[in-house]
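I have placed the structure first, in the form of structure tokens, so that the comments after it can refer back to it.
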Amino acid sequence: MSAQELERILGLIKANPPTGTTVAEGRAAFDKASDALPLAADISYEDDKVGGVPAIWTVPPTATAGQTVLYLHGGAYALGNAKGYRTLTGELGRHATARVVAIDYRLAPEHPFPAAVDDAVAAYRDLLGRGISPTSLAVAGDSAGGGLVVAMLVAARDAGLPMPAACLAISPWCDLTCDADSLTRLATRDLLLTRERLKSRVEIYLGTRDKRDPLASPVFANLKGLPPLLIQVGTGEILLDEGVALAKRAAECDVRVTLDVWPDMPHVWHRLAPMLGEGRAAIEQGGRFIAGKFR
């Protein structure tokens with residue numbers, strides 16, 4: 001690890017902490033941060049609709065015909081978009097030797113639960129309907145998208161759809177009760193997330209719905225029958241215990257699971273890959289995990 005890289009990044013975050021308490025302010029801040037991320041010149045991008053949901057394909061030069069990754073972005077179910085994830089999905093696809101399609105699932109508060117789950121399942125069903133073999137299809141997501149991708153698999157399994165080859169969950173937000181101990185234990189280390197901000201997003205996403213609903217908090221779901229799962233989480237983020245709990249739940253349900261805990265890493269450090277070696281290494285690890293399951 002480059003301690004200097006991490007120190008510089010954390011210094012920048014401290015000097016420019018996440019701002020905005022409203023959803024509109026959060027969305028504007030996300031777009032501003034995303035616009036600063038560089039795009040690789042050798043990766044192509046194409047707009048589409050997948051399952052009726054707006055989407056962006058990223059196609060790296062390493063992509064093997066038929067191999068596809070469905071990506072669900074983070075943003076606490078209220079912000080984020082496929083465009084802002086092109087840097088991450090492009091490099092993930094490079095190492096996964098696959099095309100990656102990121103969807104703009106509907107966001108709260110305009111579209112509360114279960115709209116995001118419904119859109120993710122619709123996109124997954126569409127990809128299967130296009131003739132993509134489940135053995136050449138993987139799913140991935142980060143933060144809220146990391147929980148959503150697991151919830152989507154649960155819903156797809158219950159609908160009788162075949163499972164994909166693999167699932168990658170990055171810093172998953174998978175327990176919307178917000179009761180995990182690390183939300184308070186690591187509060188002073190996490191410069192990006194707070195328990196209070198997460199709870200406010202839960203309110204607009206779930207309303208009065210049960211916070212332990214398996215499709216909202218998949219850490220409480222029956223995960224039996226899900227594909228091999230790689231969970232990446234950092235010790236510098238308040239969602240640490242949720243990643244650990246998800247791995248434990250997967251093991252209890254006989255799912256082949258790998259939990260990789262990265263020392264000192266902040267929430268979804270993969271998005272810092274242009275500035276942080278560990279971000280690049282984590283994306284490469286995730287991509288190689290997926291590629292290995294394809295083969």
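For the structure tokens, the naming scheme is as follows: chains receive sequential letters (A, B, ...) according to their order of presentation, residues are indexed from 1 within each chain, and ligands are indexed from 1 in presentation order.
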
Neighbour list for region 122-134 of chain A as a ChimeraX atom specification, cut-off 9 Å, only C-alpha atoms, skip fewer than 6 positions in-chain | /A:49-53,66-68,70,103,152,156,161-165

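In terms of minimum interatomic distance to Ile290 (chain A), A:Thr97 ranks closest within A:Gln4, A:Thr21, A:Thr97, A:Asn81, counting only C-alpha atoms.
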
Selection: 6 Å around Val59 (chain A), only C-alpha atoms, excl. self and same-chain fewer than 5 positions, as an mmCIF file with N, CA and C atoms, in the first residue's frame:
data_model
loop_
_atom_site.group_PDB
_atom_site.id
_atom_site.type_symbol
_atom_site.label_atom_id
_atom_site.label_comp_id
_atom_site.auth_asym_id
_atom_site.auth_seq_id
_atom_site.Cartn_x
_atom_site.Cartn_y
_atom_site.Cartn_z
ATOM 1 N N ILE A 43 -11.637 2.092 -24.053
ATOM 2 C CA ILE A 43 -12.912 1.475 -23.674
ATOM 3 C C ILE A 43 -14.043 2.255 -24.331
ATOM 4 N N SER A 44 -14.993 1.531 -24.919
ATOM 5 C CA SER A 44 -16.122 2.183 -25.578
ATOM 6 C C SER A 44 -17.357 2.126 -24.679
ATOM 7 N N ARG A 99 -17.976 -7.557 -21.185
ATOM 8 C CA ARG A 99 -18.728 -6.308 -21.255
ATOM 9 C C ARG A 99 -19.416 -6.097 -19.909
#

So which bits of region 130-213 of chain A end up helix (DSSP H, G or I) when you DSSP the backbone, as JSON, numbers by chain?
-> {"A": [134, 135, 136, 144, 145, 146, 147, 148, 149, 150, 151, 152, 153, 154, 155, 156, 157, 158, 182, 183, 184, 185, 195, 196, 197, 198, 199, 200, 201, 202, 203, 204, 205, 206]}

Would you output that residue set with N, CA and C atoms, as an mmCIF file, in the first residue's frame?
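File produced: part_11.cif:
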data_model
loop_
_atom_site.group_PDB
_atom_site.id
_atom_site.type_symbol
_atom_site.label_atom_id
_atom_site.label_comp_id
_atom_site.auth_asym_id
_atom_site.auth_seq_id
_atom_site.Cartn_x
_atom_site.Cartn_y
_atom_site.Cartn_z
ATOM 1 N N PRO A 134 -26.248 -18.145 -18.542
ATOM 2 C CA PRO A 134 -25.961 -17.859 -17.129
ATOM 3 C C PRO A 134 -24.515 -18.145 -16.760
ATOM 4 N N THR A 135 -23.888 -19.096 -17.430
ATOM 5 C CA THR A 135 -22.497 -19.434 -17.128
ATOM 6 C C THR A 135 -21.528 -18.369 -17.635
ATOM 7 N N SER A 136 -22.022 -17.454 -18.480
ATOM 8 C CA SER A 136 -21.200 -16.352 -18.997
ATOM 9 C C SER A 136 -21.687 -15.002 -18.482
ATOM 10 N N ALA A 144 -24.998 0.526 -1.651
ATOM 11 C CA ALA A 144 -26.388 0.099 -1.782
ATOM 12 C C ALA A 144 -26.535 -0.907 -2.921
ATOM 13 N N GLY A 145 -25.777 -0.691 -3.992
ATOM 14 C CA GLY A 145 -25.801 -1.645 -5.099
ATOM 15 C C GLY A 145 -25.239 -2.992 -4.718
ATOM 16 N N GLY A 146 -24.328 -3.015 -3.720
ATOM 17 C CA GLY A 146 -23.793 -4.279 -3.234
ATOM 18 C C GLY A 146 -24.817 -5.079 -2.471
ATOM 19 N N GLY A 147 -25.708 -4.392 -1.750
ATOM 20 C CA GLY A 147 -26.826 -5.088 -1.126
ATOM 21 C C GLY A 147 -27.900 -5.423 -2.137
ATOM 22 N N LEU A 148 -28.145 -4.494 -3.059
ATOM 23 C CA LEU A 148 -29.179 -4.688 -4.069
ATOM 24 C C LEU A 148 -28.880 -5.874 -4.965
ATOM 25 N N VAL A 149 -27.616 -6.082 -5.308
ATOM 26 C CA VAL A 149 -27.289 -7.181 -6.206
ATOM 27 C C VAL A 149 -27.600 -8.530 -5.547
ATOM 28 N N VAL A 150 -27.410 -8.615 -4.228
ATOM 29 C CA VAL A 150 -27.753 -9.851 -3.520
ATOM 30 C C VAL A 150 -29.271 -9.992 -3.425
ATOM 31 N N ALA A 151 -29.965 -8.902 -3.123
ATOM 32 C CA ALA A 151 -31.422 -8.938 -3.080
ATOM 33 C C ALA A 151 -31.996 -9.332 -4.436
ATOM 34 N N MET A 152 -31.408 -8.801 -5.501
ATOM 35 C CA MET A 152 -31.863 -9.144 -6.851
ATOM 36 C C MET A 152 -31.726 -10.634 -7.113
ATOM 37 N N LEU A 153 -30.614 -11.225 -6.677
ATOM 38 C CA LEU A 153 -30.418 -12.660 -6.882
ATOM 39 C C LEU A 153 -31.446 -13.473 -6.103
ATOM 40 N N VAL A 154 -31.768 -13.038 -4.903
ATOM 41 C CA VAL A 154 -32.792 -13.724 -4.113
ATOM 42 C C VAL A 154 -34.131 -13.674 -4.836
ATOM 43 N N ALA A 155 -34.485 -12.485 -5.329
ATOM 44 C CA ALA A 155 -35.756 -12.336 -6.046
ATOM 45 C C ALA A 155 -35.755 -13.128 -7.349
ATOM 46 N N ALA A 156 -34.623 -13.122 -8.068
ATOM 47 C CA ALA A 156 -34.532 -13.879 -9.320
ATOM 48 C C ALA A 156 -34.623 -15.374 -9.067
ATOM 49 N N ARG A 157 -33.965 -15.842 -8.027
ATOM 50 C CA ARG A 157 -34.040 -17.263 -7.672
ATOM 51 C C ARG A 157 -35.476 -17.652 -7.355
ATOM 52 N N ASP A 158 -36.160 -16.827 -6.570
ATOM 53 C CA ASP A 158 -37.540 -17.133 -6.186
ATOM 54 C C ASP A 158 -38.478 -17.083 -7.388
ATOM 55 N N SER A 182 -20.353 -1.557 13.872
ATOM 56 C CA SER A 182 -19.317 -0.744 13.225
ATOM 57 C C SER A 182 -19.830 0.625 12.788
ATOM 58 N N LEU A 183 -21.157 0.802 12.708
ATOM 59 C CA LEU A 183 -21.687 2.111 12.346
ATOM 60 C C LEU A 183 -21.361 3.161 13.400
ATOM 61 N N THR A 184 -21.184 2.731 14.631
ATOM 62 C CA THR A 184 -20.752 3.652 15.686
ATOM 63 C C THR A 184 -19.273 3.448 16.024
ATOM 64 N N ARG A 185 -18.812 2.200 16.011
ATOM 65 C CA ARG A 185 -17.427 1.908 16.397
ATOM 66 C C ARG A 185 -16.423 2.571 15.476
ATOM 67 N N ARG A 195 -23.947 7.151 10.231
ATOM 68 C CA ARG A 195 -25.153 6.393 10.557
ATOM 69 C C ARG A 195 -26.394 7.255 10.353
ATOM 70 N N GLU A 196 -26.322 8.513 10.724
ATOM 71 C CA GLU A 196 -27.471 9.407 10.599
ATOM 72 C C GLU A 196 -27.873 9.596 9.140
ATOM 73 N N ARG A 197 -26.872 9.763 8.259
ATOM 74 C CA ARG A 197 -27.192 9.958 6.849
ATOM 75 C C ARG A 197 -27.795 8.685 6.253
ATOM 76 N N LEU A 198 -27.270 7.528 6.646
ATOM 77 C CA LEU A 198 -27.832 6.271 6.158
ATOM 78 C C LEU A 198 -29.272 6.097 6.637
ATOM 79 N N LYS A 199 -29.523 6.413 7.897
ATOM 80 C CA LYS A 199 -30.885 6.268 8.423
ATOM 81 C C LYS A 199 -31.857 7.186 7.681
ATOM 82 N N SER A 200 -31.400 8.367 7.287
ATOM 83 C CA SER A 200 -32.279 9.273 6.544
ATOM 84 C C SER A 200 -32.614 8.704 5.171
ATOM 85 N N ARG A 201 -31.655 7.992 4.564
ATOM 86 C CA ARG A 201 -31.923 7.369 3.267
ATOM 87 C C ARG A 201 -32.863 6.170 3.416
ATOM 88 N N VAL A 202 -32.733 5.455 4.522
ATOM 89 C CA VAL A 202 -33.650 4.339 4.775
ATOM 90 C C VAL A 202 -35.086 4.850 4.839
ATOM 91 N N GLU A 203 -35.278 5.988 5.487
ATOM 92 C CA GLU A 203 -36.624 6.534 5.643
ATOM 93 C C GLU A 203 -37.268 6.838 4.301
ATOM 94 N N ILE A 204 -36.489 7.402 3.368
ATOM 95 C CA ILE A 204 -37.101 7.745 2.083
ATOM 96 C C ILE A 204 -37.196 6.534 1.156
ATOM 97 N N TYR A 205 -36.380 5.525 1.399
ATOM 98 C CA TYR A 205 -36.417 4.329 0.553
ATOM 99 C C TYR A 205 -37.493 3.347 1.009
ATOM 100 N N LEU A 206 -37.579 3.119 2.330
ATOM 101 C CA LEU A 206 -38.503 2.112 2.847
ATOM 102 C C LEU A 206 -39.794 2.682 3.410
#

Counting only C-alpha atoms, the option among A:Ala221, A:Val268, A:Leu226, A:Ala180 closest to Val139 (chain A) |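 Going through A:Ala221, A:Val268, A:Leu226, A:Ala180 one by one, the smallest distance to Val139 (chain A) is for A:Leu226.
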
Residue nearest Lys211 (chain A) - candidates A:Ala102, A:Ala36, A:Ile231, A:Cys174, atoms counted: only C-alpha atoms =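 Checking each of A:Ala102, A:Ala36, A:Ile231, A:Cys174 against Lys211 (chain A), counting only C-alpha atoms, the winner is A:Cys174.
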
Name the residues of region 8-202 of chain A that come out as strand (DSSP E) in a backbone DSSP run; write them as a ChimeraX atom specification.
-> /A:44-50,53-59,68-72,99-103,137-142,166-170

Go ahead and save the picked residues with C-alpha atoms, as a PDB file, in the first residue's frame.
ATOM      1  CA  SER A  44     -16.122   2.183 -25.578  1.00  0.00           C
ATOM      2  CA  TYR A  45     -19.462   3.224 -24.090  1.00  0.00           C
ATOM      3  CA  GLU A  46     -22.963   2.737 -25.439  1.00  0.00           C
ATOM      4  CA  ASP A  47     -26.367   3.815 -24.142  1.00  0.00           C
ATOM      5  CA  ASP A  48     -29.111   1.213 -24.084  1.00  0.00           C
ATOM      6  CA  LYS A  49     -32.219   0.066 -22.273  1.00  0.00           C
ATOM      7  CA  VAL A  50     -32.068  -3.280 -20.517  1.00  0.00           C
ATOM      8  CA  VAL A  53     -34.223   0.413 -17.646  1.00  0.00           C
ATOM      9  CA  PRO A  54     -31.754   3.017 -18.974  1.00  0.00           C
ATOM     10  CA  ALA A  55     -28.248   1.572 -19.058  1.00  0.00           C
ATOM     11  CA  ILE A  56     -24.687   2.137 -20.237  1.00  0.00           C
ATOM     12  CA  TRP A  57     -22.516  -0.613 -21.686  1.00  0.00           C
ATOM     13  CA  THR A  58     -18.763  -0.392 -21.190  1.00  0.00           C
ATOM     14  CA  VAL A  59     -16.790  -2.562 -23.565  1.00  0.00           C
ATOM     15  CA  THR A  68     -21.286 -10.024 -19.460  1.00  0.00           C
ATOM     16  CA  VAL A  69     -21.421  -8.353 -16.048  1.00  0.00           C
ATOM     17  CA  LEU A  70     -24.549  -6.610 -14.778  1.00  0.00           C
ATOM     18  CA  TYR A  71     -23.486  -3.760 -12.439  1.00  0.00           C
ATOM     19  CA  LEU A  72     -25.645  -1.997  -9.829  1.00  0.00           C
ATOM     20  CA  ARG A  99     -18.728  -6.308 -21.255  1.00  0.00           C
ATOM     21  CA  VAL A 100     -20.280  -4.527 -18.292  1.00  0.00           C
ATOM     22  CA  VAL A 101     -23.747  -3.024 -18.310  1.00  0.00           C
ATOM     23  CA  ALA A 102     -24.625  -0.601 -15.511  1.00  0.00           C
ATOM     24  CA  ILE A 103     -28.281   0.272 -15.114  1.00  0.00           C
ATOM     25  CA  LEU A 137     -23.098 -13.832 -16.865  1.00  0.00           C
ATOM     26  CA  ALA A 138     -21.998 -12.302 -13.554  1.00  0.00           C
ATOM     27  CA  VAL A 139     -23.450  -9.601 -11.330  1.00  0.00           C
ATOM     28  CA  ALA A 140     -21.733  -6.952  -9.226  1.00  0.00           C
ATOM     29  CA  GLY A 141     -22.504  -3.860  -7.202  1.00  0.00           C
ATOM     30  CA  ASP A 142     -21.182  -1.494  -4.554  1.00  0.00           C
ATOM     31  CA  ALA A 166     -20.632 -15.205  -9.848  1.00  0.00           C
ATOM     32  CA  CYS A 167     -21.502 -12.229  -7.676  1.00  0.00           C
ATOM     33  CA  LEU A 168     -19.178  -9.437  -6.512  1.00  0.00           C
ATOM     34  CA  ALA A 169     -20.362  -7.270  -3.601  1.00  0.00           C
ATOM     35  CA  ILE A 170     -18.217  -4.207  -2.853  1.00  0.00           C
TER      36      ILE A 170
END

Tell me which of A:Ala245, A:Ala41, A:Ala159, A:Gly234 sits closest to Glu278 (chain A), counting only C-alpha atoms.
->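 Of the candidates, the smallest distance to Glu278 (chain A) is held by A:Gly234.
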
Of A:Gly225, A:Pro218, A:Gly90, A:Pro18, the one sitting nearest Ala273 (chain A) when using only C-alpha atoms is A:Gly90

Name the closest residue to Ala282 (chain A) among the candidates A:Glu237, A:Leu92, A:Leu107, A:Pro214; distances are taken between atoms, counting only C-alpha atoms.
->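 Residue with the minimum atom-to-atom distance to Ala282 (chain A): A:Leu92.
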
Residues near Ala3 (chain A), cut-off 10 Å, only C-alpha atoms, skip fewer than 3 positions along chain, as a PyMOL selection string = chain A and resi 6-9+264+276

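Across the structure, CA of Glu91 (chain A) and CA of Ala40 (chain A) are spaced 8.4 Å apart.
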
Please identify all polymer residues within 6 Å of Trp269 (chain A), counting only C-alpha atoms, omitting same-chain residues fewer than 3 positions from it, and present them as a compact mmCIF listing (two decimals) with N, CA and C atoms, in the first residue's frame.
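Heads up, here's the output in part-v1.txt:
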# COMPACT_ATOMS: atom_id res chain seq x y z
N PRO A 266 -11.21 3.00 2.78
CA PRO A 266 -12.49 3.69 2.98
C PRO A 266 -13.59 3.05 2.13
N LEU A 272 -11.70 5.29 -6.09
CA LEU A 272 -10.50 6.12 -5.98
C LEU A 272 -9.34 5.53 -6.79
N GLY A 279 -7.19 0.71 -4.86
CA GLY A 279 -8.40 0.73 -5.66
C GLY A 279 -8.23 -0.06 -6.94

Quick one: everything within 8 Å of Gly75 (chain A), counting only C-alpha atoms, minus sequence neighbours fewer than 2 positions away in the same chain. Send it as a ChimeraX atom specification.
-> /A:73,77-80,143-145
